[in-house]
Amino acid sequence: MVFSRLIVNADDFGYSEAVNGAIMSAFESSLLTSTSIMANMPGFDHAVGLIHRHSFLQQKVGLHLNLTEGFPLSRALMACPTFCGEGGRLIYDRDRSLFRLSGQEREAIYEELRMQLERVLAAGIRPSHLDSHHHSHTEWAIAPLVCRLARNYGIRRIRLTRNMGPVSGWAKRWYKKLFNYRFLGRHSGLVDNTDYFGDIADMNYFLKAGGGGGVDAGVKKSLRGLSFEIMVHPLFDPSGRLVDYDGKDLGQALLPILALSNDTKTPIDL
(Lines give C-alpha, C1' and ligand atoms only; values in the text may rest on other atoms or scores of the structure.)
Protein backbone atom coordinates (compact mmCIF):
# COMPACT_ATOMS: atom_id res chain seq x y z
CA MET A 1 0.00 0.00 0.00
CA VAL A 2 1.33 3.43 -0.91
CA PHE A 3 -0.10 6.68 0.40
CA SER A 4 0.61 9.83 -1.56
CA ARG A 5 0.46 11.85 1.69
CA LEU A 6 -0.18 11.24 5.37
CA ILE A 7 -1.03 14.14 7.69
CA VAL A 8 -1.19 13.62 11.45
CA ASN A 9 -2.71 16.78 12.92
CA ALA A 10 -2.99 17.65 16.61
CA ASP A 11 -6.14 19.64 17.32
CA ASP A 12 -6.58 22.13 20.20
CA PHE A 13 -3.20 23.92 20.19
CA GLY A 14 -3.86 26.95 22.37
CA TYR A 15 -6.56 25.28 24.46
CA SER A 16 -4.34 25.45 27.56
CA GLU A 17 -0.67 25.39 28.46
CA ALA A 18 -1.03 21.73 29.46
CA VAL A 19 -2.43 20.78 26.06
CA ASN A 20 0.25 22.86 24.35
CA GLY A 21 2.92 20.96 26.24
CA ALA A 22 1.50 17.61 25.18
CA ILE A 23 1.37 18.69 21.55
CA MET A 24 4.98 19.86 21.66
CA SER A 25 6.00 16.52 23.17
CA ALA A 26 4.23 14.72 20.32
CA PHE A 27 6.09 16.86 17.77
CA GLU A 28 9.40 16.16 19.48
CA SER A 29 8.61 12.43 19.31
CA SER A 30 8.03 12.74 15.52
CA LEU A 31 4.39 11.73 15.88
CA LEU A 32 2.86 14.81 14.23
CA THR A 33 3.10 16.65 10.95
CA SER A 34 0.92 19.63 11.90
CA THR A 35 -1.33 21.19 14.50
CA SER A 36 -4.23 23.67 14.52
CA ILE A 37 -4.44 26.61 16.89
CA MET A 38 -7.46 27.97 18.78
CA ALA A 39 -7.58 31.77 18.70
CA ASN A 40 -10.07 32.31 21.52
CA MET A 41 -8.82 29.99 24.25
CA PRO A 42 -6.61 30.71 27.30
CA GLY A 43 -3.50 28.98 25.95
CA PHE A 44 -3.35 30.99 22.70
CA ASP A 45 -0.55 33.39 23.67
CA HIS A 46 1.50 30.52 25.08
CA ALA A 47 1.04 28.58 21.83
CA VAL A 48 2.09 31.62 19.77
CA GLY A 49 5.27 31.89 21.82
CA LEU A 50 6.07 28.24 21.19
CA ILE A 51 5.56 28.68 17.46
CA HIS A 52 7.97 31.59 17.31
CA ARG A 53 10.56 29.81 19.47
CA HIS A 54 10.52 26.59 17.44
CA SER A 55 11.23 27.15 13.77
CA PHE A 56 10.12 23.64 12.80
CA LEU A 57 6.52 24.70 13.50
CA GLN A 58 6.54 27.26 10.70
CA GLN A 59 4.12 26.29 7.93
CA LYS A 60 2.74 23.50 10.15
CA VAL A 61 0.00 25.40 11.97
CA GLY A 62 -3.61 25.63 10.85
CA LEU A 63 -6.58 27.38 12.46
CA HIS A 64 -8.94 25.39 14.68
CA LEU A 65 -12.11 27.44 14.26
CA ASN A 66 -14.14 27.48 17.46
CA LEU A 67 -17.88 28.12 17.77
CA THR A 68 -18.54 25.73 20.66
CA GLU A 69 -16.35 26.56 23.68
CA GLY A 70 -14.96 29.56 25.53
CA PHE A 71 -15.87 33.13 24.58
CA PRO A 72 -16.20 34.62 21.09
CA LEU A 73 -13.85 37.34 19.89
CA SER A 74 -16.70 39.28 18.25
CA ARG A 75 -19.67 41.02 19.85
CA ALA A 76 -22.15 40.17 17.08
CA LEU A 77 -22.19 36.46 17.89
CA MET A 78 -23.19 37.20 21.49
CA ALA A 79 -26.58 38.33 20.20
CA CYS A 80 -27.26 34.90 18.67
CA PRO A 81 -28.83 32.64 21.35
CA THR A 82 -28.15 29.48 19.34
CA PHE A 83 -24.44 30.11 19.80
CA CYS A 84 -24.00 32.18 22.97
CA GLY A 85 -25.56 32.10 26.42
CA GLU A 86 -26.41 34.98 28.74
CA GLY A 87 -22.85 35.44 29.93
CA GLY A 88 -21.52 35.57 26.40
CA ARG A 89 -20.02 32.08 26.57
CA LEU A 90 -20.24 29.88 23.48
CA ILE A 91 -22.88 27.21 24.06
CA TYR A 92 -23.52 25.63 20.64
CA ASP A 93 -23.21 21.89 21.20
CA ARG A 94 -24.35 20.48 17.83
CA ASP A 95 -27.29 18.73 19.45
CA ARG A 96 -29.22 19.41 16.27
CA SER A 97 -28.09 19.76 12.68
CA LEU A 98 -27.94 23.23 11.18
CA PHE A 99 -29.26 23.38 7.64
CA ARG A 100 -30.35 27.02 7.73
CA LEU A 101 -29.21 30.21 9.46
CA SER A 102 -30.82 33.62 9.65
CA GLY A 103 -29.09 36.50 7.91
CA GLN A 104 -28.02 37.85 11.28
CA GLU A 105 -26.53 34.51 12.27
CA ARG A 106 -24.65 34.15 8.98
CA GLU A 107 -23.11 37.60 9.31
CA ALA A 108 -22.23 37.05 12.97
CA ILE A 109 -20.66 33.65 12.40
CA TYR A 110 -18.56 34.86 9.49
CA GLU A 111 -17.39 37.84 11.51
CA GLU A 112 -16.37 35.57 14.39
CA LEU A 113 -14.49 33.21 12.08
CA ARG A 114 -12.81 36.16 10.38
CA MET A 115 -11.74 37.65 13.71
CA GLN A 116 -10.27 34.34 14.84
CA LEU A 117 -8.25 34.15 11.63
CA GLU A 118 -7.18 37.78 11.89
CA ARG A 119 -5.93 37.22 15.44
CA VAL A 120 -3.74 34.38 14.23
CA LEU A 121 -2.42 36.47 11.34
CA ALA A 122 -1.70 39.38 13.70
CA ALA A 123 0.42 36.98 15.77
CA GLY A 124 2.63 36.37 12.73
CA ILE A 125 1.17 32.97 11.84
CA ARG A 126 -0.09 32.16 8.34
CA PRO A 127 -2.50 29.20 8.75
CA SER A 128 -1.85 26.29 6.42
CA HIS A 129 -5.35 24.88 6.74
CA LEU A 130 -8.72 25.18 8.46
CA ASP A 131 -10.54 22.71 10.70
CA SER A 132 -12.82 23.22 13.70
CA HIS A 133 -13.53 22.40 17.32
CA HIS A 134 -16.17 19.66 17.59
CA HIS A 135 -16.32 19.61 13.77
CA SER A 136 -18.75 22.52 13.65
CA HIS A 137 -17.57 23.43 10.15
CA THR A 138 -19.21 20.23 8.89
CA GLU A 139 -22.66 21.63 9.57
CA TRP A 140 -24.38 22.30 6.24
CA ALA A 141 -25.23 25.92 7.08
CA ILE A 142 -21.77 26.76 8.46
CA ALA A 143 -19.66 25.12 5.73
CA PRO A 144 -20.25 27.84 3.09
CA LEU A 145 -18.99 30.47 5.55
CA VAL A 146 -15.81 28.52 6.21
CA CYS A 147 -15.28 28.00 2.47
CA ARG A 148 -15.78 31.74 1.92
CA LEU A 149 -13.19 32.47 4.60
CA ALA A 150 -10.71 30.12 2.94
CA ARG A 151 -11.25 31.71 -0.48
CA ASN A 152 -10.91 35.24 0.85
CA TYR A 153 -7.63 34.46 2.62
CA GLY A 154 -6.10 32.08 0.08
CA ILE A 155 -6.22 28.96 2.26
CA ARG A 156 -6.27 25.81 0.16
CA ARG A 157 -7.19 23.06 2.61
CA ILE A 158 -10.24 22.52 4.80
CA ARG A 159 -10.68 19.32 6.74
CA LEU A 160 -13.19 16.83 5.35
CA THR A 161 -16.00 15.38 7.38
CA ARG A 162 -15.06 11.96 8.73
CA ASN A 163 -15.18 9.44 5.87
CA MET A 164 -13.10 6.35 6.61
CA GLY A 165 -14.50 4.82 9.78
CA PRO A 166 -17.69 2.86 10.45
CA VAL A 167 -20.84 4.92 9.86
CA SER A 168 -24.21 3.98 11.36
CA GLY A 169 -27.18 4.52 9.08
CA TRP A 170 -27.56 5.35 5.42
CA ALA A 171 -28.62 8.96 6.07
CA LYS A 172 -25.37 9.85 7.84
CA ARG A 173 -23.33 7.98 5.25
CA TRP A 174 -24.91 9.89 2.38
CA TYR A 175 -24.68 13.20 4.24
CA LYS A 176 -20.93 12.75 4.56
CA LYS A 177 -20.49 11.80 0.92
CA LEU A 178 -22.61 14.71 -0.30
CA PHE A 179 -21.03 17.19 2.11
CA ASN A 180 -17.47 16.38 1.07
CA TYR A 181 -18.39 16.52 -2.61
CA ARG A 182 -20.52 19.67 -2.41
CA PHE A 183 -18.23 21.83 -0.31
CA LEU A 184 -14.75 20.28 -0.30
CA GLY A 185 -14.37 18.41 -3.59
CA ARG A 186 -11.67 19.13 -6.16
CA HIS A 187 -14.00 21.54 -7.97
CA SER A 188 -14.04 23.74 -4.84
CA GLY A 189 -10.54 25.07 -5.49
CA LEU A 190 -9.29 23.51 -2.24
CA VAL A 191 -6.52 21.75 -4.10
CA ASP A 192 -4.63 20.61 -1.00
CA ASN A 193 -7.52 18.66 0.53
CA THR A 194 -6.95 15.03 1.41
CA ASP A 195 -8.99 12.09 0.13
CA TYR A 196 -9.81 10.72 3.58
CA PHE A 197 -10.09 11.94 7.15
CA GLY A 198 -10.64 10.36 10.55
CA ASP A 199 -8.99 9.53 13.85
CA ILE A 200 -6.62 6.67 14.60
CA ALA A 201 -9.45 4.18 15.10
CA ASP A 202 -10.98 5.20 11.77
CA MET A 203 -7.64 4.73 10.00
CA ASN A 204 -7.17 1.30 11.53
CA TYR A 205 -10.69 0.36 10.48
CA PHE A 206 -9.97 1.53 6.95
CA LEU A 207 -6.72 -0.40 6.71
CA LYS A 208 -8.16 -3.61 8.17
CA ALA A 209 -11.14 -3.41 5.84
CA GLY A 210 -8.85 -2.98 2.87
CA GLY A 211 -10.64 0.21 1.95
CA GLY A 212 -14.03 -1.02 3.11
CA GLY A 213 -16.61 0.75 5.19
CA GLY A 214 -18.48 2.42 2.35
CA VAL A 215 -15.46 3.25 0.18
CA ASP A 216 -15.88 2.73 -3.56
CA ALA A 217 -14.98 -0.75 -4.82
CA GLY A 218 -12.13 0.60 -6.94
CA VAL A 219 -10.42 1.94 -3.84
CA LYS A 220 -10.53 -1.47 -2.20
CA LYS A 221 -7.91 -2.83 -4.59
CA SER A 222 -5.22 -0.35 -3.69
CA LEU A 223 -4.45 2.69 -1.57
CA ARG A 224 -1.87 3.89 -4.04
CA GLY A 225 -1.95 7.62 -4.60
CA LEU A 226 -4.46 8.41 -1.85
CA SER A 227 -3.95 11.05 0.84
CA PHE A 228 -5.06 10.83 4.47
CA GLU A 229 -5.44 13.08 7.49
CA ILE A 230 -5.46 11.58 10.97
CA MET A 231 -6.76 13.75 13.82
CA VAL A 232 -5.26 13.38 17.31
CA HIS A 233 -5.67 15.21 20.63
CA PRO A 234 -2.44 14.78 22.63
CA LEU A 235 -2.72 14.92 26.41
CA PHE A 236 -0.68 13.83 29.41
CA ASP A 237 -2.48 11.35 31.65
CA PRO A 238 -2.07 11.51 35.46
CA SER A 239 1.07 9.38 35.24
CA GLY A 240 2.65 11.72 32.69
CA ARG A 241 2.15 9.36 29.76
CA LEU A 242 1.41 10.96 26.36
CA VAL A 243 -2.02 9.74 25.29
CA ASP A 244 -4.77 10.53 22.79
CA TYR A 245 -8.23 11.69 23.87
CA ASP A 246 -9.33 8.06 24.31
CA GLY A 247 -6.61 7.49 26.91
CA LYS A 248 -4.53 5.19 24.70
CA ASP A 249 -0.78 5.67 24.40
CA LEU A 250 -0.35 8.02 21.45
CA GLY A 251 2.98 6.69 20.29
CA GLN A 252 1.92 3.06 20.43
CA ALA A 253 -1.25 3.87 18.52
CA LEU A 254 0.42 5.92 15.78
CA LEU A 255 3.73 4.18 15.21
CA PRO A 256 2.31 1.19 13.24
CA ILE A 257 0.62 3.59 10.83
CA LEU A 258 3.71 5.78 10.53
CA ALA A 259 5.87 2.69 10.02
CA LEU A 260 3.62 1.53 7.20
CA SER A 261 3.95 4.90 5.55
CA ASN A 262 7.71 4.99 6.03
CA ASP A 263 8.11 1.46 4.73
CA THR A 264 6.42 2.50 1.50
CA LYS A 265 8.48 5.71 1.21
CA THR A 266 5.42 7.87 1.58
CA PRO A 267 5.88 11.61 2.13
CA ILE A 268 4.66 12.58 5.57
CA ASP A 269 4.21 16.29 5.57
CA LEU A 270 1.77 19.08 4.81
# chains A, B, ... in the order shown; residues from 1 in each chain; ligands from 1
$ select_by_dssp --residues "segment 118-203 of chain A" --states "alpha helix (DSSP H)" --output "PyMOL selection string"
chain A and resi 118-122+143-153+170-184+200-203
$ closest_atom_pairs --of "segment 100-131 of chain A" --to "segment 74-83 of chain A" --cutoff "10 Å" --atoms "only C-alpha atoms" --output "Markdown table"
| residue | atom | partner | partner_atom | distance |
| --- | --- | --- | --- | --- |
| A:Leu101 | CA | A:Thr82 | CA | 10.0 |
| A:Ser102 | CA | A:Cys80 | CA | 9.8 |
| A:Gln104 | CA | A:Cys80 | CA | 8.0 |
| A:Glu105 | CA | A:Cys80 | CA | 6.5 |
| A:Arg106 | CA | A:Leu77 | CA | 9.5 |
| A:Glu107 | CA | A:Ala76 | CA | 8.2 |
| A:Ala108 | CA | A:Leu77 | CA | 5.0 |
| A:Ile109 | CA | A:Leu77 | CA | 6.3 |
| A:Tyr110 | CA | A:Leu77 | CA | 9.3 |
| A:Glu111 | CA | A:Ser74 | CA | 6.9 |
| A:Glu112 | CA | A:Ser74 | CA | 5.4 |
| A:Leu113 | CA | A:Ser74 | CA | 8.9 |
| A:Arg114 | CA | A:Ser74 | CA | 9.3 |
| A:Met115 | CA | A:Ser74 | CA | 6.9 |
| A:Gln116 | CA | A:Ser74 | CA | 8.8 |
$ select_by_dssp --residues "segment 12-178 of chain A" --states "strand (DSSP E)" --output "NGL selection string"
:A and (12-13 or 34-37 or 61-65 or 130-132)
$ closest_residue --among "A:Asp11, A:Val48, A:Asp131, A:Met24" --to "Leu65 of chain A" --atoms "only C-alpha atoms"
A:Asp131
$ residues_around --residues "segment 94-98 of chain A" --least-positions-apart "6" --cutoff "9 Å" --atoms "only C-alpha atoms" --output "JSON list (two decimals) with N, CA and C atoms, in the first residue's frame"
[["chain", "number", "residue", "atom", "x", "y", "z"],
["A", 68, "THR", "N", -17.87, 26.60, 19.70],
["A", 68, "THR", "CA", -18.54, 25.73, 20.66],
["A", 68, "THR", "C", -18.02, 25.83, 22.09],
["A", 134, "HIS", "N", -14.94, 20.46, 17.64],
["A", 134, "HIS", "CA", -16.17, 19.66, 17.59],
["A", 134, "HIS", "C", -16.76, 19.59, 16.19],
["A", 136, "SER", "N", -17.60, 21.66, 13.96],
["A", 136, "SER", "CA", -18.75, 22.52, 13.65],
["A", 136, "SER", "C", -18.75, 22.98, 12.20],
["A", 139, "GLU", "N", -21.24, 21.35, 9.64],
["A", 139, "GLU", "CA", -22.66, 21.63, 9.57],
["A", 139, "GLU", "C", -22.97, 22.29, 8.22],
["A", 140, "TRP", "N", -24.06, 21.86, 7.60],
["A", 140, "TRP", "CA", -24.38, 22.30, 6.24],
["A", 140, "TRP", "C", -24.47, 23.82, 6.14],
["A", 141, "ALA", "N", -25.04, 24.47, 7.15],
["A", 141, "ALA", "CA", -25.23, 25.92, 7.08],
["A", 141, "ALA", "C", -23.95, 26.69, 7.38],
["A", 142, "ILE", "N", -23.01, 26.07, 8.09],
["A", 142, "ILE", "CA", -21.77, 26.76, 8.46],
["A", 142, "ILE", "C", -20.69, 26.57, 7.41]]
$ residues_around --residues "His52 of chain A" --least-positions-apart "5" --cutoff "9 Å" --atoms "only C-alpha atoms" --output "list in words"
Ala47, Leu57, Gln58, Gly124 and Ile125 of chain A
$ residues_around --residues "Arg159 of chain A" --least-positions-apart "3" --cutoff "8 Å" --atoms "only C-alpha atoms" --output "ChimeraX atom specification"
/A:129-131,193-194,197
